[in-house]
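Trainee: The structure follows.
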Amino acid sequence: MNSKTTRKLTYGLFVLTAHEDGKDNGCIINTAMQLTTTPNRVSIAVNKENHTHDMIMRTKKFTVSIISEDADFELFKHFGFQSGKDVDKFADFKDCKRGHNGLNYITKGTNGFISAWVQETVDLGTHTLFIGGVTDMEVLSEVPSVTYAYYQSDIKPKPQPKKSEKTVWRCVICSYEYEGETIPEDFVCPICKHTVEDFVKVE
């Protein structure tokens, strides 16, 4: 069985936001989809290690901002390469507005947003699947939605090879590098939370 087959699936990329006790947070996810139109329901899958995950579990509401092809890499760095447990991601972030549900949605580098109230959760082990009823949604632009493939080819900077005598393993998702002759089978990327299956040896 080839574990890389799942990379052939198509994915969008989204900024998922939450709000709790006067604090805002957000993270990058790649799993968001509409389930039904009547009633209008969407689902998202969120890694349990993300601070946004815990906020949604407690508040039962979320907003998904749909990233478009005119987004720059800074958006992904800001919401994907640092943790809301350590920094306030919205402290100096201006490209957002507060929706009717009290949560921020992203206004630059996105083409729409969908807000929802959590109706069901499914425990997926490392992730939780949240199923929500849509409470608000708007189109913000007609720029096409970014796909994971487009992000890899047109947005994410190409990594520069390191001059090192050590063996380097690079995450194909976020370019984090692990040094060592072998990479532990249970290693999880500290940045994007992907497993060793998404690491390749740097030649």
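Residue names in the structure tokens use chain letters A, B, ... in the order shown, residue numbers from 1 in each chain, and ligand numbers from 1 in the order shown.
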Tell me which protein, DNA and RNA residues are within 12 Å of segment 148-158 of chain A, counting only C-alpha atoms, leaving out same-chain ones fewer than 2 positions away, and put them as a ChimeraX atom specification.
Mentor: /A:7-14,28-31,67-77,109,144-146,160-161,170,172-175
Trainee: With N, CA and C atoms retained, could you export that selection as a tab-separated table (two decimals), in the first residue's frame?
Mentor:
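What ended up in result33.tsv:
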```tsv
chain	number	residue	atom	x	y	z
A	7	ARG	N	-1.99	12.03	-1.19
A	7	ARG	CA	-1.54	13.34	-1.69
A	7	ARG	C	-2.19	13.69	-3.02
A	8	LYS	N	-2.78	12.70	-3.68
A	8	LYS	CA	-3.47	12.95	-4.94
A	8	LYS	C	-4.85	13.57	-4.73
A	9	LEU	N	-5.36	13.50	-3.50
A	9	LEU	CA	-6.63	14.14	-3.20
A	9	LEU	C	-6.47	15.65	-3.29
A	10	THR	N	-7.51	16.35	-3.67
A	10	THR	CA	-7.44	17.80	-3.75
A	10	THR	C	-7.91	18.42	-2.43
A	11	TYR	N	-7.22	19.47	-2.04
A	11	TYR	CA	-7.52	20.16	-0.79
A	11	TYR	C	-7.55	21.66	-1.02
A	12	GLY	N	-8.45	22.34	-0.32
A	12	GLY	CA	-8.37	23.78	-0.23
A	12	GLY	C	-7.58	24.14	1.00
A	13	LEU	N	-7.38	25.43	1.22
A	13	LEU	CA	-6.71	25.90	2.43
A	13	LEU	C	-7.53	27.03	3.02
A	14	PHE	N	-7.63	27.06	4.34
A	14	PHE	CA	-8.57	27.94	5.01
A	14	PHE	C	-7.96	28.49	6.30
A	28	ILE	N	-4.46	27.55	10.29
A	28	ILE	CA	-4.66	27.08	8.93
A	28	ILE	C	-5.16	25.63	8.98
A	29	ILE	N	-6.21	25.34	8.21
A	29	ILE	CA	-6.67	23.95	8.06
A	29	ILE	C	-6.83	23.66	6.57
A	30	ASN	N	-6.87	22.37	6.24
A	30	ASN	CA	-7.06	22.00	4.83
A	30	ASN	C	-8.27	21.10	4.63
A	31	THR	N	-9.10	21.00	5.65
A	31	THR	CA	-10.28	20.15	5.54
A	31	THR	C	-11.52	20.92	5.94
A	67	ILE	N	-9.25	30.80	1.66
A	67	ILE	CA	-8.07	31.46	1.10
A	67	ILE	C	-8.11	31.41	-0.43
A	68	SER	N	-7.75	32.53	-1.06
A	68	SER	CA	-7.77	32.65	-2.52
A	68	SER	C	-6.35	32.71	-3.08
A	69	GLU	N	-6.26	32.64	-4.40
A	69	GLU	CA	-4.96	32.57	-5.06
A	69	GLU	C	-4.16	33.87	-4.95
A	70	ASP	N	-4.78	34.95	-4.53
A	70	ASP	CA	-4.02	36.19	-4.37
A	70	ASP	C	-3.47	36.36	-2.96
A	71	ALA	N	-3.57	35.31	-2.13
A	71	ALA	CA	-2.98	35.35	-0.79
A	71	ALA	C	-1.46	35.27	-0.90
A	72	ASP	N	-0.77	35.92	0.04
A	72	ASP	CA	0.69	35.80	0.04
A	72	ASP	C	1.13	34.87	1.18
A	73	PHE	N	2.41	34.54	1.15
A	73	PHE	CA	2.94	33.56	2.10
A	73	PHE	C	2.82	34.03	3.54
A	74	GLU	N	2.81	35.36	3.75
A	74	GLU	CA	2.74	35.89	5.11
A	74	GLU	C	1.47	35.44	5.83
A	75	LEU	N	0.37	35.29	5.08
A	75	LEU	CA	-0.88	34.83	5.70
A	75	LEU	C	-0.71	33.42	6.26
A	76	PHE	N	-0.04	32.56	5.50
A	76	PHE	CA	0.18	31.19	5.94
A	76	PHE	C	1.16	31.15	7.12
A	77	LYS	N	2.20	31.97	7.07
A	77	LYS	CA	3.15	32.04	8.18
A	77	LYS	C	2.46	32.51	9.45
A	109	GLY	N	-6.70	38.29	0.83
A	109	GLY	CA	-6.22	36.97	0.43
A	109	GLY	C	-7.26	35.89	0.62
A	144	PRO	N	-10.12	32.86	-7.67
A	144	PRO	CA	-10.29	31.43	-7.39
A	144	PRO	C	-9.72	31.02	-6.03
A	145	SER	N	-10.34	30.02	-5.43
A	145	SER	CA	-9.85	29.48	-4.16
A	145	SER	C	-8.50	28.80	-4.37
A	146	VAL	N	-7.62	28.96	-3.40
A	146	VAL	CA	-6.31	28.33	-3.50
A	146	VAL	C	-6.44	26.84	-3.19
A	160	GLN	N	15.79	26.65	0.44
A	160	GLN	CA	17.18	26.69	0.02
A	160	GLN	C	17.92	25.54	0.67
A	161	PRO	N	18.73	24.81	-0.12
A	161	PRO	CA	19.46	23.67	0.45
A	161	PRO	C	20.44	24.12	1.53
A	170	ARG	N	13.06	16.90	5.39
A	170	ARG	CA	12.25	18.11	5.24
A	170	ARG	C	10.77	17.76	5.12
A	172	VAL	N	7.29	18.12	3.70
A	172	VAL	CA	6.79	18.60	2.40
A	172	VAL	C	5.61	19.55	2.57
A	173	ILE	N	5.06	19.60	3.77
A	173	ILE	CA	3.92	20.48	4.02
A	173	ILE	C	4.38	21.90	4.33
A	174	CYS	N	5.27	22.06	5.30
A	174	CYS	CA	5.65	23.40	5.76
A	174	CYS	C	7.14	23.70	5.65
A	175	SER	N	7.96	22.71	5.22
A	175	SER	CA	9.41	22.86	5.01
A	175	SER	C	10.22	22.83	6.31
```
Trainee: I need the helix (DSSP H, G or I) residues of segment 2-180 of chain A per DSSP on the backbone, written as a ChimeraX atom specification.
Mentor: /A:3-8,51-59,73-80,148-155
Trainee: Using only C-alpha atoms, pick whichever of A:Trp117, A:Trp169, A:Phe130, A:Phe62 has the shortest atom-to-atom distance to Asn47 of chain A.
Mentor: A:Phe130
Trainee: Using DSSP on the backbone coordinates, identify all residues within segment 9-110 of chain A classified as strand (DSSP E); present the result as a PyMOL selection string.
Mentor: chain A and resi 14-20+23-29+32-37+40-47+61-67+96-98+104-106+110
Trainee: Pick out the closest residue to Glu203 of chain A from this set: A:Ser141, A:Phe187, A:Val168, A:Ser43. Count only C-alpha atoms.
Mentor: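 Looking at the shortest contact to Glu203 of chain A, the residue is A:Val168.
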Trainee: Could you name the residues that touch Leu140 of chain A at 12 Å or less, counting only C-alpha atoms, but leaving out those on the same chain fewer than 4 positions away, as a PyMOL selection string?
Mentor: chain A and resi 65-68+96-97+105-114+144-145
Trainee: Can I get the selected residues back with C-alpha atoms, as a short mmCIF file (atom, residue, chain, number, x, y, z; two decimals), in the first residue's frame?
Mentor:
```
data_model
loop_
_atom_site.label_atom_id
_atom_site.label_comp_id
_atom_site.auth_asym_id
_atom_site.auth_seq_id
_atom_site.Cartn_x
_atom_site.Cartn_y
_atom_site.Cartn_z
CA SER A 65 -12.21 32.09 5.73
CA ILE A 66 -11.59 30.61 2.28
CA ILE A 67 -8.07 31.46 1.10
CA SER A 68 -7.77 32.65 -2.52
CA CYS A 96 -10.01 41.16 9.30
CA LYS A 97 -13.53 42.11 10.32
CA TYR A 105 -13.01 36.63 9.30
CA ILE A 106 -10.04 37.40 7.07
CA THR A 107 -10.55 40.13 4.45
CA LYS A 108 -7.28 40.00 2.45
CA GLY A 109 -6.22 36.97 0.43
CA THR A 110 -9.63 35.34 0.83
CA ASN A 111 -12.72 35.09 -1.36
CA GLY A 112 -15.39 34.31 1.21
CA PHE A 113 -16.20 33.18 4.71
CA ILE A 114 -18.63 30.76 6.34
CA PRO A 144 -10.29 31.43 -7.39
CA SER A 145 -9.85 29.48 -4.16
#
```
Trainee: So how far away is atom CA of Asn104 of chain A from atom CA of His127 of chain A, in Å?
Mentor: 22.8 Å
Trainee: Please identify all polymer residues within 10 Å of segment 176-182 of chain A, counting only C-alpha atoms, omitting same-chain residues fewer than 5 positions from it, and present them as a ChimeraX atom specification.
Mentor: /A:81,159,162,164-171,187,189-192,199-202
Trainee: My list of candidates is A:Thr63, A:Thr6, A:Met1, A:Leu124. Which is closest to Asp198 of chain A when distances are computed with only C-alpha atoms?
Mentor: A:Thr6
Trainee: Measuring between only C-alpha atoms, which one of A:Lys193, A:His19, A:Lys85, A:His78 shows the shortest distance to Arg58 of chain A?
Mentor: A:His19
Trainee: Which residue, A:Ser83, A:Glu138, A:Thr37, A:Asp123, has the smallest gap to Gly99 of chain A when you use only C-alpha atoms?
Mentor: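 Distance minimum relative to Gly99 of chain A lands on A:Glu138.
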Trainee: Of the candidates A:Thr121, A:Met57, A:Gly132, A:Asn25, which shows the shortest atom-to-atom distance to Gln82 of chain A, using only C-alpha atoms?
Mentor: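 Among the listed residues, A:Asn25 lies closest to Gln82 of chain A.
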